[in-house]
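Below: the structure, in structure tokens.
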Amino acid sequence: MTTTQQNAFVDETGSTDAIMQLRDITVTFDMDSGESRVVDRANLDLRRNEILGIVGESGSGKSMLASSMMDAIEDPGYLGGDVTYNPQSGDPVEVLEMSDSELKEFRWDTVSMVFQGAMSSFNPTLTIRRHFVETLDAHDYNVSDGIEYAKELLSDLYLDPERVLDSYPHELSGGMSQRALIALSMVLDPDVLIMDEPTAALDLLMQRSIISLINDLKDKYDLTIALITHDLPLIAELVDRVAVMYAFDLVEIGPVEDVLSGSIHPYTRMLLKATPDIDSPVEEMRPIEGDMPDPLNVPDGCAFNPRCPMADEECREVDPGPYQADPEHAAKCHHWEAVDEEIPMSEETSSMESFAETSISTDRRTWQDGDDPIVELDDVEVHFEKEESGFQLFSSPSTIKAVDGVSLDIHERDVTVMLGESGCGKTTLGKAAIGLQRPTGGSIEYYGDSESGGPVDIWQVRDSGSEDGVKWGEIRKSLQIIHQDPGSALNPHRRVSTLLEDPLKRWQPDMDGHDRRARILGLIEHCGMTPPESYIDRYPHQLSGGEQQRMAIIRAMLMNPELILADEPVSALDVSLRVEMMDLMIRLQEEFDTSYFYVSHDMANARYITEKTGGRIGILYLGNLVEVGPPEQLVHNPQHPYTKALRWATPKLRGNEAEIEGDTPLRSIDIPDPENPPSGCPFHTRCPAAREVCKNEHPGSYAGSEAPGHEVSCFRADDDHEYWDSEPLGEDGDLPEAFLQD
């Protein structure tokens with residue numbers, strides 16, 4: 001290996017202006033079972049005024065590497081190596097040699113960090129203003145001047161400074177909290193901003209809005225940004241360079257265009273192919289087989305070799321140093337020159353037959369081919385009265401219209417994905433559909449199988465126990481749920497065997513213990529966990545996130561249900577696992593003839609599972625179904641302005657000149673308060689195409705196109721509506737033309 005190869009990840013020549021240099025960074029924790037090495041001799045240069053994306057799966061070491069830049073590894077962790085900060089003028093500073101007082105000044109003043117999860121970063125007993133005051137005071141800054149600067153930052157982040165500063169954290173939405181935290185991290189005017197998954201818990205529109213704001217902040221405030229994420233598409237249009245981590249070390253670094261379109265490490269390329277993308281053919285998306293190694297047991301040689309289709313004896317024995325494809329692009333792979341041939345981005349020339357075996361046939365019957373529906377929702381409303389505090393006992397309680405008049409049929413072997421921002425009513429509607437949330441208006445009828453003699457009203461059966469020969473127990477068994485967070489849905493004090501046996505004992509009491517165990521073991525193995533005997537006696541905490549989700553799916557499928565509410569079933573998983581989990585759900589659907597009411601906030605995931613199953617996507621906004629139809633229509637030619645905004649907000653792995661460009665296609669970033677929803681069309685306060693009539697009149701449902709089942713709730717779908725003669729509410733001159741066109 002040449003010296004150039006050894007140092008390809010760093011700039012030893014001085015030609016690149018690196019504001020921070022990390023050399024041989026190692027982070028270890030002493031465990032009872034041995035030394036856990038969570039960062040393993042990583043080398044990295046952070047260049048002045050760049051945005052560097054550090055990406056990788058959960059547990060790969062990204063956050064630990066970022067914390068190393070501030071010498072912020074908590075005990076009992078040990079940080080080794082060298083971290084050098086190079087100021088614009090003056091001598092380099094060795095961060096790991098700083099005293100406690102020097103580190104206190106260095107953090108926030110010079111290098112600041114935006115942590116993942118804004119709500120857990122704020123003290124709930126303090127106003128946002130008090131957080132700013134205490135930060136300024138702790139660093140001996142003039143508080144009055146600092147608050148004025150904070151107001152400027154908050155304004156730049158599209159927030160009302162006075163309202164936000166006088167609010168407590170719980171009074172702000174997730175997006176507002178995250179933006180307030182970004183402003184707090186910048187109030188001391190740092191040179192470097194480290195952002196650890198700053199948009200992980202946010203919806204698509206808020207994610208995209210904050211990503212756009214980050215770029216503006218970087219230019220205005222002369223920042224250098226290190227952005228930590230597991231979501232490659234999210235940063236594709238933002239960062240200058242990408243550093244990919246796998247198994248606690250950096251494996252590839254290069255300009256974002258080079259890495260996304262011509263990666264030279266097998267892991268990066270397979271990660272890209274495993275990531276749901278709004279534009280890529282679904283047939284080319286493939287999961288990465290196997291699991292990332294445990295920090296206590298990293299394989300010899302290349303850490304990726306057990307999962308790599310190109311691995312040979314050299315890979316299993318010799319740890320690869322960085323190989324340089326060009327002056328800006330390097331990877332730790334012995335066979336980087338053959339990656340393009342062996343793992344092509346297009347499947348047409350692939351020699352990897354085993355890698356393509358996971359394809360699922362898209363020759364499926366579609367939802368409209370069914371006869372009677374399983375469940376029929378007619379004008380369903382779910383309204384909640386908000387509990388008032390003691391000071392408001394004599395005032396009328398406010399009403400939250402979580403679901404406000406939704407009609408929808410769910411058929412046999414149907415996959416209906418309900419898409420929208422948090423708080424729009426997706427989960428509430430799904431729970432109403434399966435009998436877990438009582439509607440306050442409308443009806444929900446259950447048809448069941450042909451022998452049940454349906455339809456019957458779900459809630460009348462629940463209240464009476466049975467109706468027309470249909471018992472509540474039959475409905476409860478037929479309508480199941482997969483919760484968003486399997487970790488909290490699985491009892492941590494019970495073994496997998498008990499968790500899975502309980503529903504069989506209740507609903508199939510005649511099945512003996514041997515048959516129950518055989519059925520459970522068979523389904524565990526069918527779901528890709530082998531040998532199944534090694535899983536059945538574990539507790540949930542002894543399973544990975546993907547394994548926990550599989551167990552939650554298995555528990556629902558054991559009932560042979562007709563309909564499953566899948567509530568964000570892949571949102572908590574790494575992007576590399578999402579395709580694998582959705583493929584598993586599709587395979588199980590084919591075998592169990594079940595239907596899915598699938599809740600999501602990610603259009604790429606919604607498009608993947610509905611295109612593969614012949615399903616459809618519904619768009620929900622403030623409890624209203626604003627558009628529904630086949631994925632080809634809603635993804636490639638959406639008609640409702642809100643659907644267009646979601647499509648714009650969906651990150652793409654590779655740029656497309658035809659895609660919508662420019663500023664956020666919304667008049668307001670933040671969603672209205674559901675306690676006080678807008679009159680008329682609920683979207684008119686944010687819609688760039690809204691007109692006066694939209695303020696006063698609620699649009700009905702119109703045929704959106706000739707696509708089967710495509711309906712849209714927007715006056716723009718009616719060429720003869722008075723909308724076209726009504727006065728615009730806002731200026732559309734600066735909006736992207738592609739957004740406004742029909």
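Labels used: A, B, ... for chains in the order of the structure tokens, numbers from 1 for residues in each chain, and numbers from 1 for ligands as shown.
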
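By only C-alpha atoms, and with residues fewer than 3 positions from segment 17-33 of chain A along its chain excluded, the set lying at most 6 Å from it is Ser36, Arg37, Val38, Val39, Asp40, Arg41, Ala42, Asn43, Leu44, Asp45, Leu46, Arg47, Arg48, Gly77, Tyr78, Leu79, Gly80, Gly81, Asp82, Val83, Thr84, Tyr85 and Asn86 of chain A.
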
*Tell me, as a PyMOL selection string, which residues lie within 9 Å of segment 417-422 of chain A, counting only C-alpha atoms; anything in the same chain fewer than 4 positions away does not count.*
chain A and resi 202-206+426-427+430+596-603+606-607+609-610+615-622+628+643+646+671

Can you write out the residues you just picked, keeping C-alpha atoms, as a tab-separated table (two decimals), in the first residue's frame?
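The result, stored in again-v7.tsv:
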chain	number	residue	atom	x	y	z
A	202	LEU	CA	-39.80	15.32	11.99
A	203	ASP	CA	-42.19	15.03	9.08
A	204	LEU	CA	-41.16	15.26	5.44
A	205	LEU	CA	-42.15	18.89	4.97
A	206	MET	CA	-40.44	20.01	8.16
A	426	LYS	CA	-53.58	8.89	10.22
A	427	THR	CA	-53.24	6.62	13.25
A	430	GLY	CA	-56.55	3.47	11.35
A	596	TYR	CA	-52.85	-3.58	5.24
A	597	PHE	CA	-53.97	-0.16	6.37
A	598	TYR	CA	-50.46	1.23	6.36
A	599	VAL	CA	-49.69	4.53	8.13
A	600	SER	CA	-46.63	6.47	6.97
A	601	HIS	CA	-45.13	9.94	6.68
A	602	ASP	CA	-42.63	8.89	4.00
A	603	MET	CA	-43.75	9.01	0.37
A	606	ALA	CA	-45.51	4.49	0.53
A	607	ARG	CA	-44.64	4.32	-3.15
A	609	ILE	CA	-45.07	-0.98	-0.94
A	610	THR	CA	-48.06	0.19	-3.01
A	615	GLY	CA	-52.19	-0.67	-3.69
A	616	ARG	CA	-53.08	2.98	-3.35
A	617	ILE	CA	-52.06	6.03	-1.36
A	618	GLY	CA	-54.36	8.34	0.57
A	619	ILE	CA	-53.26	11.83	1.65
A	620	LEU	CA	-54.64	13.05	4.97
A	621	TYR	CA	-54.44	16.67	6.13
A	622	LEU	CA	-55.94	17.92	9.41
A	628	VAL	CA	-56.43	9.20	-2.92
A	643	THR	CA	-49.70	16.19	-2.22
A	646	LEU	CA	-45.18	16.23	0.06
A	671	ILE	CA	-49.18	23.23	10.34

*Which residues in segment 315-553 of chain A does DSSP call alpha helix (DSSP H)? List them as a PyMOL selection string.*
chain A and resi 315-317+339-342+426-433+458-464+472-478+486-489+496-507+513-526+533-536+545-553

Please provide the set of residues having any atom within 9 Å of Val339 of chain A, restricted to only C-alpha atoms, with same-chain residues fewer than 3 positions apart removed, written as an mmCIF file with all heavy atoms, in the first residue's frame.
data_model
loop_
_atom_site.group_PDB
_atom_site.id
_atom_site.type_symbol
_atom_site.label_atom_id
_atom_site.label_comp_id
_atom_site.auth_asym_id
_atom_site.auth_seq_id
_atom_site.Cartn_x
_atom_site.Cartn_y
_atom_site.Cartn_z
ATOM 1 N N SER A 263 -20.362 5.326 -6.197
ATOM 2 C CA SER A 263 -19.669 4.867 -4.994
ATOM 3 C C SER A 263 -18.718 3.727 -5.331
ATOM 4 O O SER A 263 -18.974 2.926 -6.230
ATOM 5 C CB SER A 263 -20.682 4.416 -3.942
ATOM 6 O OG SER A 263 -21.581 3.473 -4.495
ATOM 7 N N ILE A 264 -17.622 3.637 -4.590
ATOM 8 C CA ILE A 264 -16.594 2.633 -4.884
ATOM 9 C C ILE A 264 -16.396 1.650 -3.732
ATOM 10 O O ILE A 264 -15.475 0.836 -3.772
ATOM 11 C CB ILE A 264 -15.250 3.303 -5.252
ATOM 12 C CG1 ILE A 264 -14.797 4.255 -4.150
ATOM 13 C CG2 ILE A 264 -15.372 4.030 -6.591
ATOM 14 C CD1 ILE A 264 -13.419 4.852 -4.379
ATOM 15 N N HIS A 265 -17.245 1.725 -2.713
ATOM 16 C CA HIS A 265 -17.204 0.715 -1.654
ATOM 17 C C HIS A 265 -18.465 -0.137 -1.754
ATOM 18 O O HIS A 265 -19.567 0.393 -1.925
ATOM 19 C CB HIS A 265 -17.121 1.359 -0.276
ATOM 20 C CG HIS A 265 -16.733 0.398 0.803
ATOM 21 N ND1 HIS A 265 -17.609 -0.537 1.330
ATOM 22 C CD2 HIS A 265 -15.545 0.201 1.447
ATOM 23 C CE1 HIS A 265 -16.990 -1.257 2.243
ATOM 24 N NE2 HIS A 265 -15.733 -0.831 2.341
ATOM 25 N N PRO A 266 -18.355 -1.459 -1.657
ATOM 26 C CA PRO A 266 -19.545 -2.315 -1.780
ATOM 27 C C PRO A 266 -20.645 -1.958 -0.789
ATOM 28 O O PRO A 266 -21.829 -1.988 -1.136
ATOM 29 C CB PRO A 266 -18.995 -3.723 -1.521
ATOM 30 C CG PRO A 266 -17.562 -3.642 -1.916
ATOM 31 C CD PRO A 266 -17.113 -2.264 -1.545
ATOM 32 N N ARG A 269 -22.539 1.193 -1.949
ATOM 33 C CA ARG A 269 -23.364 0.912 -3.119
ATOM 34 C C ARG A 269 -24.587 0.068 -2.741
ATOM 35 O O ARG A 269 -25.698 0.323 -3.207
ATOM 36 C CB ARG A 269 -22.528 0.206 -4.186
ATOM 37 C CG ARG A 269 -23.277 0.043 -5.493
ATOM 38 C CD ARG A 269 -22.324 -0.142 -6.649
ATOM 39 N NE ARG A 269 -21.604 1.068 -6.980
ATOM 40 C CZ ARG A 269 -21.204 1.394 -8.196
ATOM 41 N NH1 ARG A 269 -21.482 0.600 -9.207
ATOM 42 N NH2 ARG A 269 -20.537 2.495 -8.418
ATOM 43 N N MET A 310 -18.433 -9.573 -2.800
ATOM 44 C CA MET A 310 -17.133 -9.558 -3.474
ATOM 45 C C MET A 310 -16.009 -10.083 -2.587
ATOM 46 O O MET A 310 -14.858 -10.169 -3.031
ATOM 47 C CB MET A 310 -16.799 -8.119 -3.909
ATOM 48 C CG MET A 310 -17.761 -7.523 -4.913
ATOM 49 S SD MET A 310 -17.399 -5.785 -5.258
ATOM 50 C CE MET A 310 -15.712 -5.902 -5.883
ATOM 51 N N HIS A 335 -10.975 -4.158 -3.560
ATOM 52 C CA HIS A 335 -11.446 -4.396 -4.925
ATOM 53 C C HIS A 335 -12.312 -3.248 -5.436
ATOM 54 O O HIS A 335 -13.255 -3.461 -6.195
ATOM 55 C CB HIS A 335 -12.230 -5.718 -4.961
ATOM 56 C CG HIS A 335 -11.483 -6.876 -4.371
ATOM 57 N ND1 HIS A 335 -10.277 -7.319 -4.886
ATOM 58 C CD2 HIS A 335 -11.750 -7.666 -3.299
ATOM 59 C CE1 HIS A 335 -9.841 -8.340 -4.157
ATOM 60 N NE2 HIS A 335 -10.710 -8.565 -3.186
ATOM 61 N N TRP A 336 -11.967 -2.040 -5.020
ATOM 62 C CA TRP A 336 -12.795 -0.888 -5.376
ATOM 63 C C TRP A 336 -12.914 -0.688 -6.883
ATOM 64 O O TRP A 336 -13.942 -0.207 -7.380
ATOM 65 C CB TRP A 336 -12.228 0.374 -4.721
ATOM 66 C CG TRP A 336 -10.871 0.795 -5.251
ATOM 67 C CD1 TRP A 336 -9.659 0.388 -4.799
ATOM 68 C CD2 TRP A 336 -10.629 1.700 -6.326
ATOM 69 N NE1 TRP A 336 -8.653 0.975 -5.533
ATOM 70 C CE2 TRP A 336 -9.213 1.789 -6.465
ATOM 71 C CE3 TRP A 336 -11.437 2.436 -7.185
ATOM 72 C CZ2 TRP A 336 -8.612 2.593 -7.430
ATOM 73 C CZ3 TRP A 336 -10.846 3.241 -8.144
ATOM 74 C CH2 TRP A 336 -9.444 3.319 -8.255
ATOM 75 N N GLU A 342 -19.180 -5.476 -10.569
ATOM 76 C CA GLU A 342 -19.769 -6.532 -9.745
ATOM 77 C C GLU A 342 -21.078 -6.115 -9.079
ATOM 78 O O GLU A 342 -21.959 -6.942 -8.861
ATOM 79 C CB GLU A 342 -18.765 -6.960 -8.664
ATOM 80 C CG GLU A 342 -17.516 -7.619 -9.212
ATOM 81 C CD GLU A 342 -17.836 -8.930 -9.912
ATOM 82 O OE1 GLU A 342 -18.738 -9.650 -9.438
ATOM 83 O OE2 GLU A 342 -17.203 -9.225 -10.933
ATOM 84 N N ILE A 343 -21.207 -4.829 -8.731
ATOM 85 C CA ILE A 343 -22.425 -4.342 -8.085
ATOM 86 C C ILE A 343 -22.878 -3.088 -8.830
ATOM 87 O O ILE A 343 -22.778 -1.971 -8.331
ATOM 88 C CB ILE A 343 -22.194 -4.019 -6.591
ATOM 89 C CG1 ILE A 343 -21.473 -5.160 -5.888
ATOM 90 C CG2 ILE A 343 -23.527 -3.743 -5.890
ATOM 91 C CD1 ILE A 343 -21.150 -4.886 -4.440
ATOM 92 N N PRO A 344 -23.364 -3.246 -10.050
ATOM 93 C CA PRO A 344 -23.768 -2.070 -10.836
ATOM 94 C C PRO A 344 -25.004 -1.417 -10.241
ATOM 95 O O PRO A 344 -25.838 -2.077 -9.620
ATOM 96 C CB PRO A 344 -24.052 -2.646 -12.218
ATOM 97 C CG PRO A 344 -24.422 -4.072 -11.961
ATOM 98 C CD PRO A 344 -23.595 -4.505 -10.784
#

_What's around segment 154-163 of chain A at 8 Å? Count only C-alpha atoms, leave out sequence neighbours fewer than 6 positions away in its own chain, and write the answer as a ChimeraX atom specification._
/A:176,179-180,183,213,217,669

*Counting only C-alpha atoms, what is within 7 Å of segment 694-698 of chain A, bar same-chain residues fewer than 6 positions away, as a count of residues only?*
4

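Non-sequential neighbours of Gly487 of chain A (distance at most 8 Å, separation of 5 or more positions within a chain, only C-alpha atoms) are Pro492, Pro540, His541, Gly545 and Gln548 of chain A.
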
*Which value, in Å to one decimal, gives the distance between atom CA of Asn560 of chain A and atom CA of Cys527 of chain A?*
15.5 Å

*Pick out the residues sitting within 10 Å of Ile214 of chain A, and hand them over as a ChimeraX atom specification; count only C-alpha atoms, and ignore anything fewer than 3 positions along from it in its own chain.*
/A:51,157,179,182,195,208-211,217-220,223,225,227,238

*One decimal, Å: what's the distance from atom CA of Ala432 of chain A over to atom CA of Ala649 of chain A, could you say?*
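We find that atom CA of Ala432 of chain A and atom CA of Ala649 of chain A lie 28.6 Å from each other.
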
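Taking atom CA of Asp515 of chain A and atom CA of Glu501 of chain A as endpoints, the distance between them is 10.5 Å.
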
*Using DSSP on the backbone coordinates, identify all residues within segment 194-423 of chain A classified as strand (DSSP E or B); present the result as a VMD selection string.*
chain A and resid 194 to 196 224 to 229 241 to 246 249 to 255 323 to 326 329 to 331 375 to 385 399 to 410 415 to 419
